[in-house]
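S.K.: structure-v8.pdb is reproduced below (PDB, C-alpha atoms).
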ATOM      1  CA  MET A1089      51.051 -23.656  29.677
ATOM      2  CA  SER A1090      47.560 -22.182  29.633
ATOM      3  CA  THR A1091      46.797 -18.506  29.590
ATOM      4  CA  SER A1092      43.336 -17.288  30.352
ATOM      5  CA  VAL A1093      42.022 -14.447  28.323
ATOM      6  CA  SER A1094      39.622 -12.085  29.953
ATOM      7  CA  VAL A1095      36.971 -10.583  27.715
ATOM      8  CA  ASN A1096      35.202  -7.388  28.563
ATOM      9  CA  PRO A1097      31.446  -8.142  28.113
ATOM     10  CA  GLU A1098      30.816  -4.540  27.018
ATOM     11  CA  MET A1099      33.258  -4.976  24.138
ATOM     12  CA  VAL A1100      31.566  -8.101  22.761
ATOM     13  CA  GLU A1101      28.667  -7.335  20.454
ATOM     14  CA  PRO A1102      25.602  -9.536  21.035
ATOM     15  CA  ASN A1103      24.466 -11.769  18.183
ATOM     16  CA  LYS A1104      22.113  -9.889  15.921
ATOM     17  CA  THR A1105      19.101 -11.639  14.431
ATOM     18  CA  PRO A1106      19.548 -11.809  10.662
ATOM     19  CA  VAL A1107      17.272  -9.441   8.742
ATOM     20  CA  ILE A1108      15.908 -12.288   6.639
ATOM     21  CA  TYR A1109      14.473 -13.914   9.802
ATOM     22  CA  LYS A1110      12.770 -10.668  10.719
ATOM     23  CA  ILE A1111      11.304 -10.360   7.223
ATOM     24  CA  LEU A1112      10.105 -13.982   7.281
ATOM     25  CA  VAL A1113       8.381 -13.499  10.636
ATOM     26  CA  MET A1114       6.589 -10.346   9.444
ATOM     27  CA  VAL A1115       5.565 -11.949   6.134
ATOM     28  CA  SER A1116       4.254 -14.996   8.036
ATOM     29  CA  ILE A1117       2.162 -12.847  10.367
ATOM     30  CA  ILE A1118       0.740 -10.814   7.484
ATOM     31  CA  ALA A1119      -0.017 -13.998   5.507
ATOM     32  CA  LEU A1120      -1.712 -15.694   8.452
ATOM     33  CA  ILE A1121      -3.883 -12.742   9.439
ATOM     34  CA  GLY A1122      -4.589 -11.486   5.914
ATOM     35  CA  GLY A1123      -5.198 -14.980   4.576
ATOM     36  CA  THR A1124      -7.614 -15.866   7.355
ATOM     37  CA  LEU A1125      -9.624 -12.669   7.137
ATOM     38  CA  THR A1126      -9.809 -12.511   3.332
ATOM     39  CA  GLY A1127     -10.765 -16.209   3.362
ATOM     40  CA  ILE A1128     -13.715 -15.470   5.637
ATOM     41  CA  MET A1129     -14.702 -12.447   3.550
ATOM     42  CA  THR A1130     -14.439 -14.395   0.286
ATOM     43  CA  TYR A1131     -16.552 -17.193   1.737
ATOM     44  CA  VAL A1132     -19.228 -14.673   2.760
ATOM     45  CA  ASN A1133     -19.117 -13.024  -0.697
ATOM     46  CA  VAL A1134     -19.133 -16.098  -2.970
ATOM     47  CA  GLY A1135     -19.537 -19.187  -0.800
ATOM     48  CA  VAL A1136     -17.641 -22.372  -1.482
ATOM     49  CA  ALA A1137     -17.747 -22.605  -5.247
ATOM     50  CA  GLU A1138     -15.459 -24.072  -7.863
ATOM     51  CA  GLN A1139     -13.552 -20.794  -8.072
ATOM     52  CA  PHE A1140     -13.311 -20.224  -4.297
ATOM     53  CA  TYR A1141      -9.546 -20.691  -4.006
ATOM     54  CA  ALA A1142      -8.827 -18.508  -7.033
ATOM     55  CA  ASP A1143     -11.202 -15.813  -5.712
ATOM     56  CA  TRP A1144      -9.659 -16.033  -2.246
ATOM     57  CA  PHE A1145      -6.071 -15.917  -3.546
ATOM     58  CA  THR A1146      -6.654 -12.871  -5.760
ATOM     59  CA  SER A1147      -8.488 -11.135  -2.899
ATOM     60  CA  PHE A1148      -5.646 -11.970  -0.521
ATOM     61  CA  ILE A1149      -2.920 -10.697  -2.875
ATOM     62  CA  SER A1150      -4.893  -7.537  -3.666
ATOM     63  CA  ALA A1151      -5.602  -6.874   0.012
ATOM     64  CA  VAL A1152      -1.964  -7.379   1.032
ATOM     65  CA  LEU A1153      -0.695  -5.090  -1.732
ATOM     66  CA  VAL A1154      -3.137  -2.376  -0.668
ATOM     67  CA  MET A1155      -3.102  -3.093   3.049
ATOM     68  CA  ALA A1156       0.612  -3.358   3.793
ATOM     69  CA  PRO A1157       1.697   0.178   2.818
ATOM     70  CA  ILE A1158      -1.445   1.768   4.241
ATOM     71  CA  GLY A1159      -1.154  -0.330   7.406
ATOM     72  CA  PHE A1160       2.407   0.765   8.133
ATOM     73  CA  VAL A1161       1.516   4.441   7.649
ATOM     74  CA  MET A1162      -1.684   4.119   9.707
ATOM     75  CA  MET A1163       0.145   2.332  12.524
ATOM     76  CA  THR A1164       2.748   5.084  12.735
ATOM     77  CA  LEU A1165       0.117   7.830  12.711
ATOM     78  CA  MET A1166      -2.046   5.997  15.265
ATOM     79  CA  HIS A1167       0.879   5.564  17.655
ATOM     80  CA  LYS A1168       1.622   9.278  17.498
ATOM     81  CA  LEU A1169      -2.030  10.287  17.879
ATOM     82  CA  VAL A1170      -2.800   7.913  20.751
ATOM     83  CA  ASN A1171       0.430   8.827  22.583
ATOM     84  CA  LYS A1172      -0.513  12.501  22.239
ATOM     85  CA  LEU A1173      -4.175  12.045  23.272
ATOM     86  CA  LEU A1174      -3.573   9.495  26.054
ATOM     87  CA  PRO A1175      -0.108  10.331  27.435
ATOM     88  CA  SER A1176      -0.899   9.285  31.009
ATOM     89  CA  SER A1177      -2.517   5.960  30.061
ATOM     90  CA  SER A1178      -0.581   2.744  30.431
ATOM     91  CA  LYS A1179       1.193   1.301  27.424
ATOM     92  CA  LEU A1180      -1.258  -1.621  27.444
ATOM     93  CA  LYS A1181      -4.280   0.700  27.252
ATOM     94  CA  ARG A1182      -2.706   2.686  24.416
ATOM     95  CA  ASN A1183      -1.906  -0.561  22.554
ATOM     96  CA  LEU A1184      -5.503  -1.761  22.983
ATOM     97  CA  VAL A1185      -6.909   1.502  21.577
ATOM     98  CA  ILE A1186      -4.521   1.296  18.632
ATOM     99  CA  SER A1187      -5.382  -2.373  18.049
ATOM    100  CA  VAL A1188      -9.138  -1.792  17.957
ATOM    101  CA  PHE A1189      -8.783   1.177  15.602
ATOM    102  CA  MET A1190      -6.355  -0.687  13.346
ATOM    103  CA  ALA A1191      -8.604  -3.770  13.241
ATOM    104  CA  LEU A1192     -11.592  -1.656  12.212
ATOM    105  CA  THR A1193      -9.634   0.294   9.623
ATOM    106  CA  MET A1194      -7.686  -2.575   8.089
ATOM    107  CA  GLU A1195     -10.631  -4.960   8.009
ATOM    108  CA  SER A1196     -12.814  -2.319   6.358
ATOM    109  CA  LEU A1197     -10.130  -1.949   3.718
ATOM    110  CA  MET A1198      -9.753  -5.732   3.284
ATOM    111  CA  ALA A1199     -13.534  -6.135   2.991
ATOM    112  CA  PHE A1200     -13.606  -3.376   0.373
ATOM    113  CA  VAL A1201     -10.837  -4.984  -1.677
ATOM    114  CA  THR A1202     -12.388  -8.446  -1.314
ATOM    115  CA  ALA A1203     -15.855  -7.218  -2.371
ATOM    116  CA  THR A1204     -14.275  -5.355  -5.291
ATOM    117  CA  ASN A1205     -12.477  -8.521  -6.393
ATOM    118  CA  ASN A1206     -15.394 -10.917  -5.901
ATOM    119  CA  ILE A1207     -18.470  -8.811  -6.679
ATOM    120  CA  GLY A1208     -17.370  -5.711  -8.584
ATOM    121  CA  TYR A1209     -19.195  -2.401  -8.967
ATOM    122  CA  ALA A1210     -21.821  -3.280 -11.594
ATOM    123  CA  ASP A1211     -24.513  -3.425  -8.901
ATOM    124  CA  MET A1212     -23.579  -0.967  -6.120
ATOM    125  CA  ARG A1213     -26.211  -2.324  -3.757
ATOM    126  CA  LEU A1214     -24.809  -5.836  -4.149
ATOM    127  CA  PHE A1215     -21.252  -4.505  -3.723
ATOM    128  CA  LEU A1216     -22.088  -2.548  -0.544
ATOM    129  CA  ASN A1217     -23.958  -5.532   0.864
ATOM    130  CA  GLY A1218     -20.963  -7.806   0.129
ATOM    131  CA  TRP A1219     -18.578  -5.297   1.692
ATOM    132  CA  ALA A1220     -20.688  -4.963   4.862
ATOM    133  CA  GLU A1221     -21.304  -8.711   5.225
ATOM    134  CA  GLY A1222     -17.623  -9.515   4.701
ATOM    135  CA  LEU A1223     -16.596  -6.909   7.261
ATOM    136  CA  LEU A1224     -19.131  -8.019   9.864
ATOM    137  CA  ALA A1225     -18.281 -11.703   9.429
ATOM    138  CA  ALA A1226     -14.533 -11.183   9.850
ATOM    139  CA  LEU A1227     -14.616  -8.380  12.435
ATOM    140  CA  PRO A1228     -14.952 -10.538  15.590
ATOM    141  CA  ILE A1229     -12.038 -12.718  14.487
ATOM    142  CA  GLY A1230      -9.958  -9.698  13.456
ATOM    143  CA  LEU A1231     -10.594  -7.924  16.759
ATOM    144  CA  THR A1232      -9.676 -11.069  18.676
ATOM    145  CA  ILE A1233      -6.452 -11.462  16.687
ATOM    146  CA  MET A1234      -5.537  -7.796  17.168
ATOM    147  CA  LEU A1235      -6.200  -7.906  20.914
ATOM    148  CA  ILE A1236      -4.101 -11.052  21.323
ATOM    149  CA  MET A1237      -1.380  -9.483  19.191
ATOM    150  CA  SER A1238      -1.308  -6.242  21.202
ATOM    151  CA  VAL A1239      -1.309  -7.945  24.608
ATOM    152  CA  THR A1240       1.003 -10.903  24.062
ATOM    153  CA  VAL A1241       2.684 -10.980  20.670
ATOM    154  CA  LYS A1242       3.530  -7.316  20.048
ATOM    155  CA  PRO A1243       5.944  -6.869  22.991
ATOM    156  CA  LYS A1244       7.827 -10.042  22.032
ATOM    157  CA  LEU A1245       7.775  -9.111  18.356
ATOM    158  CA  GLU A1246       9.178  -5.649  19.101
ATOM    159  CA  ARG A1247      12.054  -7.196  21.100
ATOM    160  CA  PHE A1248      12.704  -9.693  18.301
ATOM    161  CA  LEU A1249      12.746  -6.974  15.623
ATOM    162  CA  LYS A1250      15.155  -4.857  17.697
ATOM    163  CA  SER A1251      17.537  -7.772  18.245
TER     164      SER A1251
END
Please, can you express the file's structure as C-alpha cells?

M.R.:
Amino acid sequence: MSTSVSVNPEMVEPNKTPVIYKILVMVSIIALIGGTLTGIMTYVNVGVAEQFYADWFTSFISAVLVMAPIGFVMMTLMHKLVNKLLPSSSKLKRNLVISVFMALTMESLMAFVTATNNIGYADMRLFLNGWAEGLLAALPIGLTIMLIMSVTVKPKLERFLKS
C-alpha cells in the first residue's frame, strides 16, 4: 500500500550554496582582475626581464593585500554616496558610476603598489613616471572589466552570494 506524503513548499528550505564556493568565486575574480592588471603594470614598469614573474607575483600579492580591504570599504562607501546623490537614477546608471570610480581608485592604488615594488622611491621622478605609465596602460582594460562586471556579472554574482 502506498501513501503519498504532501510537502508544504514553504516549509522546505532551499539548498544553500556552501560558503567555500562563494569564497572560491570571489578569490578567483580578485585573482583574475588583480593578476591581469598588475601584470600589465609590471610589464610597463620593468618589461619582460629575467625577474618579470617574480616582480609580477610580488606586485600582485602586495596589491591584493592592500587592495582587498580598501576595496571593500570603498565599495560600501561608494554605494551609499551614489545612492544618496543619485536616488532617482536607475540601478544600472548607479552601478556604472560606481564601477568607473572604483576602477579609477583601485587601479591608481594598484599602480602605486606596483611602482613601489618594481621601481622604489630612490628616484621620485622615475617612481611617479612608472606609476603614471602603469596606471594609463592598465586603465582601459580595467574600465572595460569593471563595466562588464557591473552590467552583466554583478547582478548574477549578487544572486549567487545571497543563495

S.K.: Find the residues around A:Val1161 up to 12 Å (only C-alpha atoms counted), leave out those fewer than 6 positions away in its own chain, and share them as a compact mmCIF listing (two decimals) with C-alpha atoms, keeping the file's coordinate frame.

M.R.:
# COMPACT_ATOMS: atom_id res chain seq x y z
CA VAL A 1154 -3.14 -2.38 -0.67
CA MET A 1155 -3.10 -3.09 3.05
CA HIS A 1167 0.88 5.56 17.66
CA LYS A 1168 1.62 9.28 17.50
CA MET A 1190 -6.36 -0.69 13.35
CA MET A 1194 -7.69 -2.58 8.09

S.K.: As AutoDock Vina command-line options, please report the centre and edge lengths, rounded to one decimal in Å, of the axis-aligned box that holds all listed atoms of stretch 1140-1148 of chain A with 3 Å of padding on each of the six sides.

M.R.:
--center_x -9.5 --center_y -15.9 --center_z -3.8 --size_x 13.7 --size_y 15.6 --size_z 12.5

S.K.: On this structure, which residues satisfy the PyMOL selection byres ((chain A and resi 1122-1125) around 8), written as a list in words?

M.R.: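 Evaluating the PyMOL selection byres ((chain A and resi 1122-1125) around 8) on these coordinates yields Ile1118, Ala1119, Leu1120, Ile1121, Thr1126, Gly1127, Ile1128, Met1129, Phe1148, Ala1151, Val1152, Glu1195, Met1198, Ala1226, Ile1229 and Gly1230 of chain A.
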
S.K.: Run the PyMOL selection byres ((chain A and resi 1221) around 12) against the file shown and list the residues it catches, as a list in words.

M.R.: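 This file gives the following for the PyMOL selection byres ((chain A and resi 1221) around 12): Ile1128, Met1129, Thr1130, Tyr1131, Val1132, Asn1133, Val1134, Glu1195, Ser1196, Ala1199, Phe1200, Thr1202, Ala1203, Leu1214, Phe1215, Leu1216, Asn1217, Gly1218, Trp1219, Ala1220, Gly1222, Leu1223, Leu1224, Ala1225, Ala1226 and Leu1227 of chain A.
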
S.K.: Using only C-alpha atoms, pick whichever of A:Val1239, A:Val1201, A:Ala1156, A:Leu1165 has the shortest atom-to-atom distance to A:Lys1179.

M.R.: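 Of A:Val1239, A:Val1201, A:Ala1156, A:Leu1165, the one nearest A:Lys1179 is A:Val1239, counting only C-alpha atoms.
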
S.K.: Using Å and a single decimal, report how far atom CA of A:Val1170 sits from atom CA of A:Phe1248.

M.R.: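 Calculated distance between atom CA of A:Phe1248 and atom CA of A:Val1170 is 23.6 Å.
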
S.K.: Would you please work out which residue, of A:Val1113, A:Leu1235, A:Leu1245, A:Ala1137, is nearest to A:Lys1181 when using all atoms listed in the file?

M.R.: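 Nearest candidate to A:Lys1181 out of A:Val1113, A:Leu1235, A:Leu1245, A:Ala1137: A:Leu1235.
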
S.K.: Got a sec to check which residues sit within 9 Å of (2.2, -4.3, 11.5), counting all atoms listed in the file, and write them as a list in words?

M.R.: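 The residues near that point, listed by chain and number, are Met1114, Ile1117, Ile1118, Ala1156, Gly1159, Phe1160 and Met1163 of chain A.
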
S.K.: What do you get, as a PyMOL selection string, if you spell out every residue that the PyMOL selection byres ((chain A and resi 1183) around 12) selects here?

M.R.: chain A and resi 1163+1166-1171+1174+1177-1182+1184-1191+1234-1243

S.K.: May I have the residues from that selection written out with C-alpha atoms, as a compact mmCIF listing (two decimals), in the coordinates of the input?

M.R.:
# COMPACT_ATOMS: atom_id res chain seq x y z
CA MET A 1163 0.14 2.33 12.52
CA MET A 1166 -2.05 6.00 15.26
CA HIS A 1167 0.88 5.56 17.66
CA LYS A 1168 1.62 9.28 17.50
CA LEU A 1169 -2.03 10.29 17.88
CA VAL A 1170 -2.80 7.91 20.75
CA ASN A 1171 0.43 8.83 22.58
CA LEU A 1174 -3.57 9.49 26.05
CA SER A 1177 -2.52 5.96 30.06
CA SER A 1178 -0.58 2.74 30.43
CA LYS A 1179 1.19 1.30 27.42
CA LEU A 1180 -1.26 -1.62 27.44
CA LYS A 1181 -4.28 0.70 27.25
CA ARG A 1182 -2.71 2.69 24.42
CA LEU A 1184 -5.50 -1.76 22.98
CA VAL A 1185 -6.91 1.50 21.58
CA ILE A 1186 -4.52 1.30 18.63
CA SER A 1187 -5.38 -2.37 18.05
CA VAL A 1188 -9.14 -1.79 17.96
CA PHE A 1189 -8.78 1.18 15.60
CA MET A 1190 -6.36 -0.69 13.35
CA ALA A 1191 -8.60 -3.77 13.24
CA MET A 1234 -5.54 -7.80 17.17
CA LEU A 1235 -6.20 -7.91 20.91
CA ILE A 1236 -4.10 -11.05 21.32
CA MET A 1237 -1.38 -9.48 19.19
CA SER A 1238 -1.31 -6.24 21.20
CA VAL A 1239 -1.31 -7.94 24.61
CA THR A 1240 1.00 -10.90 24.06
CA VAL A 1241 2.68 -10.98 20.67
CA LYS A 1242 3.53 -7.32 20.05
CA PRO A 1243 5.94 -6.87 22.99

S.K.: Report the distance between atom CA of A:Thr1146 and atom CA of A:Asn1205 in Å, rounded to one decimal place.

M.R.: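 Computed distance, atom CA of A:Thr1146 to atom CA of A:Asn1205, equals 7.3 Å.
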
S.K.: To one decimal place, how far is atom CA of A:Leu1112 from atom CA of A:Leu1249 in Å?

M.R.: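 Interatomic distance here is 11.2 Å.
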